[in-house]
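Report on the following structure.
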Amino acid sequence: MRFTRDHEWVALDGDVATVGITAYAAEQLGDVVFVEVPDIGKTVAQGDGLAVVESVKAASDVYAPISGEVVEANGELGDAPETVNAAPEAAGWFAKIKVSDPSQVEALMDRAAYEDYLGTL
Amino acid sequence: MSQDDLRKTPLYDAHVAAGARMVPFAGYSMPVQYRDGVLKEHLWTRESAGLFDVSHMGQARLRGVSPLSAFEEITPGDFIGLAPGKQRYSVLLNKKGGIIDDLMASRPDGDGLFVIVNGACKEGDFRVIDDELAPQVSIERLEDRALLALQGPKAVDVLAAHIPECAGKVFMDSWATTGFGVDVLISRSGYTGEDGYEISVPGHAAERIWNTLLADERVRPIGLGARDSLRLEAGLPLYGHDVDETVSPVEAALTFAVSKKRRDARDFPGASRIAKELAEGPSRVRVGLKILEGPPAREGAEIADASGAVVGVVTSGGFAPSLGHPIAMGFVPPALSAIGTTLNVIVRGKSGAAQVVAMPFVPNRYVRKV
């Protein structure tokens, strides 16, 4: 699993990356009450808005950590947005992206680097 | 404003110790939530009792030969008719009938009028009061006092253990007494739609009283996040969002704050506009919206009619924890304000169905007789 400074995570399996937000991000957001996942087939560039996650208090953008095409979205979050809080780095994933440039994944932080980064916040 | 410039209430250390997430609000560092989070804090207040620090709000005494009649010069309320021991909701009006702030004014004792105004507006409010009413009225700001709100169905039992007479009071009663060993000013009112009390206490005693109330297992600390979602469900406007200096009491659906006597006398700022709006209807009016599909519509979201034409704007909105779906308040033309009217809210470019519904969204539980 790799991580961004915006607190998204990426898990690469072949050329498909599963994307979600980290436990730290979920904790900061508080109780998630609505998730807007991307349409399948949408093409995103690294840094584009990928999804929107809403807590009681506010809406927050989730950015595409890598470029590619959305091949699957987590429809379960429509009825159970609280999954993002319960299992942010597992069942609370947002989308699967067919990666156009695998080197973008390699360039992201590994777990140790991300934990170091959290320590600076 | 940097963190260092923010003011602290007497309860700042207690909030930090309780694990609060502190945010800038109205020039103060205030708790937006504690460890439970907004959702649980909201629901706890509805089922038990929540304790809020609202010491950022402005407290003052207005004194003079006749502070009640003087106060009518800047508000549309019947203050000459305000009985001892009673509190009234009102608005400060500008010359155009726009709302400078909303406030509570009461007579807890024989010492003039006790007013509580919004924290973000207090400097301006007290300047307006002084500019308009001095020297017939003198204003003393009570900077050394804190303000606690205890809200929820169990608030009465919790507070009665310390101040027994509170159980015999009704909604909008106000009184001065000795409680927790100090002088307190209490009203049976609040900003959540629940039964409860707002308690003005000397700042030096605030942390002790806060901890005493929290020692009761029925009470948990509640942050400003849940205070906002609770007041939204209660249909209560938030100044600076749902109401501002351009909005009249009629537009804001606060016509109850314009007393019958004053309507007839037309002797308050902006009376000609307000009388005209009462007779002919305003050009826009605040309504409640139930969001039927899609994401929450928040402040700034456009409201469209069935044909897609933009007819208004959301002024506050979010997820309603007690209802399990999003709700909003916003302004629309009166022709589209009837209960049941179908409208659309536009969020991130997508249109979602909404329906005009009665406010409060969640029935209030004020105790009007005991």
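Residue numbering restarts at 1 for every chain of the structure tokens, chains are lettered A, B, ... in their displayed order, and ligands are numbered from 1 as they appear.
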- Task: Hey, list the chain A side of the contact with chain B: 9 Å cut-off, only C-alpha atoms, answer as a list of chain:residue names.
- Result: A:Gly30, A:Asp31, A:Val33, A:Phe34, A:Val35, A:Glu36, A:Glu54, A:Ser55, A:Val56, A:Lys57, A:Ala58, A:Ala59
Residues of the last selection are to be written out with C-alpha atoms, as a short mmCIF file (atom, residue, chain, number, x, y, z; two decimals), in the first residue's frame.
data_model
loop_
_atom_site.label_atom_id
_atom_site.label_comp_id
_atom_site.auth_asym_id
_atom_site.auth_seq_id
_atom_site.Cartn_x
_atom_site.Cartn_y
_atom_site.Cartn_z
CA GLY A 30 -15.46 12.23 11.69
CA ASP A 31 -18.65 10.35 10.95
CA VAL A 33 -22.67 10.38 6.11
CA PHE A 34 -22.40 10.46 2.32
CA VAL A 35 -19.94 9.33 -0.32
CA GLU A 36 -20.01 10.27 -3.98
CA GLU A 54 -19.15 14.18 3.47
CA SER A 55 -19.22 14.27 7.26
CA VAL A 56 -22.01 15.86 9.29
CA LYS A 57 -19.99 19.05 9.22
CA ALA A 58 -18.48 19.39 5.73
CA ALA A 59 -17.77 17.98 2.27
#
- Message: Show me, as a list in words, the residues that have an atom within 10 Å of Phe3 of chain A when counting only C-alpha atoms, minus same-chain residues fewer than 3 positions from it.
- Response: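 Surrounding residues, per the criterion: Asp6, His7, Glu8, Trp9, Val10, Ala11, Val19, Gly20, Ile21, Thr22, Pro65, Val105, Ala107, Leu108, Met109, Asp110, Arg111, Ala112, Ala113, Tyr114 and Glu115 of chain A.
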- Message: Would you pick out the contacts of Ala91 of chain A at 10 Å or less, using only C-alpha atoms, so that residues sharing its chain but fewer than 3 positions from it are not included, and give the list as a list in words?
- Response: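 Everything that qualifies: Gly20, Asn74, Glu76, Leu77, Thr83, Val84, Asn85, Ala86, Ala87, Pro88 and Phe94 of chain A.
For Val201 of chain B, the non-local neighbours within 9 Å, defined as residues at least 4 positions apart in the same chain or in other chains and counting only C-alpha atoms, are Asp144, Arg145, Ala146, Leu147, Leu148, Gly179, Val182, Asp183, Val184, Leu185, Ile186, Ala205, Ala206 and Ile209 of chain B.
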- Query: Got a sec: who's within 12 Å of Leu224 of chain B, counting only C-alpha atoms, leaving out chain neighbours fewer than 6 positions off, as JSON, numbers by chain?
  - Reply: {"A": [56, 57], "B": [15, 20, 21, 22, 23, 24, 25, 26, 29, 30, 31, 32, 33, 34, 37, 38, 39, 41, 42, 50, 51, 52, 53, 54, 55, 56, 149, 191, 192, 230, 231]}
- Message: With only C-alpha atoms as the counted atoms, please give the residues lying no more than 12 Å from Gly14 of chain A, apart from itself and same-chain residues fewer than 2 positions off, as a PyMOL selection string.
- Response: chain A and resi 11-12+16-18+96-100+102+105
Write a file of the just-selected residues containing N, CA, C and O atoms, as a PDB file, in the first residue's frame.
ATOM      1  N   ALA A  11      -3.562   0.617  -3.421  1.00  0.00           N
ATOM      2  CA  ALA A  11      -3.047  -0.766  -3.377  1.00  0.00           C
ATOM      3  C   ALA A  11      -3.077  -1.311  -4.795  1.00  0.00           C
ATOM      4  O   ALA A  11      -4.142  -1.396  -5.413  1.00  0.00           O
ATOM      5  N   LEU A  12      -1.914  -1.633  -5.325  1.00  0.00           N
ATOM      6  CA  LEU A  12      -1.814  -2.048  -6.725  1.00  0.00           C
ATOM      7  C   LEU A  12      -1.883  -3.569  -6.840  1.00  0.00           C
ATOM      8  O   LEU A  12      -1.186  -4.287  -6.129  1.00  0.00           O
ATOM      9  N   VAL A  16      -4.315  -2.692 -11.849  1.00  0.00           N
ATOM     10  CA  VAL A  16      -5.486  -2.029 -11.251  1.00  0.00           C
ATOM     11  C   VAL A  16      -5.166  -1.612  -9.807  1.00  0.00           C
ATOM     12  O   VAL A  16      -4.731  -2.436  -8.996  1.00  0.00           O
ATOM     13  N   ALA A  17      -5.387  -0.331  -9.517  1.00  0.00           N
ATOM     14  CA  ALA A  17      -5.109   0.215  -8.189  1.00  0.00           C
ATOM     15  C   ALA A  17      -6.422   0.465  -7.452  1.00  0.00           C
ATOM     16  O   ALA A  17      -7.320   1.126  -7.983  1.00  0.00           O
ATOM     17  N   THR A  18      -6.535  -0.065  -6.248  1.00  0.00           N
ATOM     18  CA  THR A  18      -7.672   0.256  -5.386  1.00  0.00           C
ATOM     19  C   THR A  18      -7.295   1.505  -4.583  1.00  0.00           C
ATOM     20  O   THR A  18      -6.168   1.623  -4.095  1.00  0.00           O
ATOM     21  N   LYS A  96     -11.632   1.642  -8.078  1.00  0.00           N
ATOM     22  CA  LYS A  96     -10.489   0.925  -8.649  1.00  0.00           C
ATOM     23  C   LYS A  96     -10.155   1.581  -9.979  1.00  0.00           C
ATOM     24  O   LYS A  96     -11.049   1.849 -10.790  1.00  0.00           O
ATOM     25  N   ILE A  97      -8.878   1.867 -10.138  1.00  0.00           N
ATOM     26  CA  ILE A  97      -8.424   2.616 -11.314  1.00  0.00           C
ATOM     27  C   ILE A  97      -7.429   1.761 -12.094  1.00  0.00           C
ATOM     28  O   ILE A  97      -6.457   1.239 -11.517  1.00  0.00           O
ATOM     29  N   LYS A  98      -7.664   1.613 -13.399  1.00  0.00           N
ATOM     30  CA  LYS A  98      -6.686   0.947 -14.274  1.00  0.00           C
ATOM     31  C   LYS A  98      -5.569   1.950 -14.527  1.00  0.00           C
ATOM     32  O   LYS A  98      -5.795   3.011 -15.116  1.00  0.00           O
ATOM     33  N   VAL A  99      -4.402   1.625 -14.008  1.00  0.00           N
ATOM     34  CA  VAL A  99      -3.310   2.589 -13.946  1.00  0.00           C
ATOM     35  C   VAL A  99      -2.666   2.798 -15.313  1.00  0.00           C
ATOM     36  O   VAL A  99      -2.348   1.819 -16.008  1.00  0.00           O
ATOM     37  N   SER A 100      -2.491   4.055 -15.692  1.00  0.00           N
ATOM     38  CA  SER A 100      -1.857   4.330 -16.985  1.00  0.00           C
ATOM     39  C   SER A 100      -0.346   4.456 -16.861  1.00  0.00           C
ATOM     40  O   SER A 100       0.373   4.269 -17.846  1.00  0.00           O
ATOM     41  N   PRO A 102       2.372   3.089 -14.075  1.00  0.00           N
ATOM     42  CA  PRO A 102       2.686   2.440 -12.796  1.00  0.00           C
ATOM     43  C   PRO A 102       3.783   3.150 -12.000  1.00  0.00           C
ATOM     44  O   PRO A 102       3.828   3.027 -10.775  1.00  0.00           O
ATOM     45  N   VAL A 105       2.688   5.125  -8.972  1.00  0.00           N
ATOM     46  CA  VAL A 105       2.440   4.410  -7.720  1.00  0.00           C
ATOM     47  C   VAL A 105       3.739   4.294  -6.937  1.00  0.00           C
ATOM     48  O   VAL A 105       3.789   4.565  -5.727  1.00  0.00           O
TER      49      VAL A 105
END
- Check the DSSP output for the backbone and give back, as a PyMOL selection string, the residues of segment 182-278 of chain B in strand (DSSP E or B). chain B and resi 182-187+196-202+219-221+239+243
- Name all residues at most 9 Å from Pro334 of chain B (count only C-alpha atoms; drop same-chain ones fewer than 4 positions away) and give them as a ChimeraX atom specification. /B:281-286,338
For the residues in the current selection, export N, CA and C atoms as a PDB file, in the first residue's frame.
ATOM      1  N   GLY B 281     -46.373  40.745   1.373  1.00  0.00           N
ATOM      2  CA  GLY B 281     -45.481  39.593   1.244  1.00  0.00           C
ATOM      3  C   GLY B 281     -44.092  40.050   0.850  1.00  0.00           C
ATOM      4  N   PRO B 282     -43.061  39.378   1.342  1.00  0.00           N
ATOM      5  CA  PRO B 282     -41.680  39.731   0.997  1.00  0.00           C
ATOM      6  C   PRO B 282     -41.310  39.163  -0.376  1.00  0.00           C
ATOM      7  N   SER B 283     -40.160  39.548  -0.902  1.00  0.00           N
ATOM      8  CA  SER B 283     -39.729  39.022  -2.200  1.00  0.00           C
ATOM      9  C   SER B 283     -39.083  37.650  -2.058  1.00  0.00           C
ATOM     10  N   ARG B 284     -38.668  37.325  -0.850  1.00  0.00           N
ATOM     11  CA  ARG B 284     -38.052  36.012  -0.597  1.00  0.00           C
ATOM     12  C   ARG B 284     -38.378  35.626   0.837  1.00  0.00           C
ATOM     13  N   VAL B 285     -38.349  34.341   1.108  1.00  0.00           N
ATOM     14  CA  VAL B 285     -38.658  33.905   2.464  1.00  0.00           C
ATOM     15  C   VAL B 285     -37.843  32.656   2.796  1.00  0.00           C
ATOM     16  N   ARG B 286     -37.469  32.563   4.067  1.00  0.00           N
ATOM     17  CA  ARG B 286     -36.687  31.397   4.516  1.00  0.00           C
ATOM     18  C   ARG B 286     -37.607  30.186   4.660  1.00  0.00           C
ATOM     19  N   ALA B 338     -44.661  27.161  -0.303  1.00  0.00           N
ATOM     20  CA  ALA B 338     -45.700  26.359   0.354  1.00  0.00           C
ATOM     21  C   ALA B 338     -45.161  24.978   0.719  1.00  0.00           C
TER      22      ALA B 338
END
- Figure out the distance between atom CA of Gly27 of chain B and atom CA of Ser200 of chain B, please, to one decimal in Å.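 Atom CA of Gly27 of chain B lies at a distance of 19.9 Å from atom CA of Ser200 of chain B.
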- Query: Separation of atom CA of Val37 of chain A and atom CA of Ser322 of chain B, in Å?
  - Reply: 24.9 Å
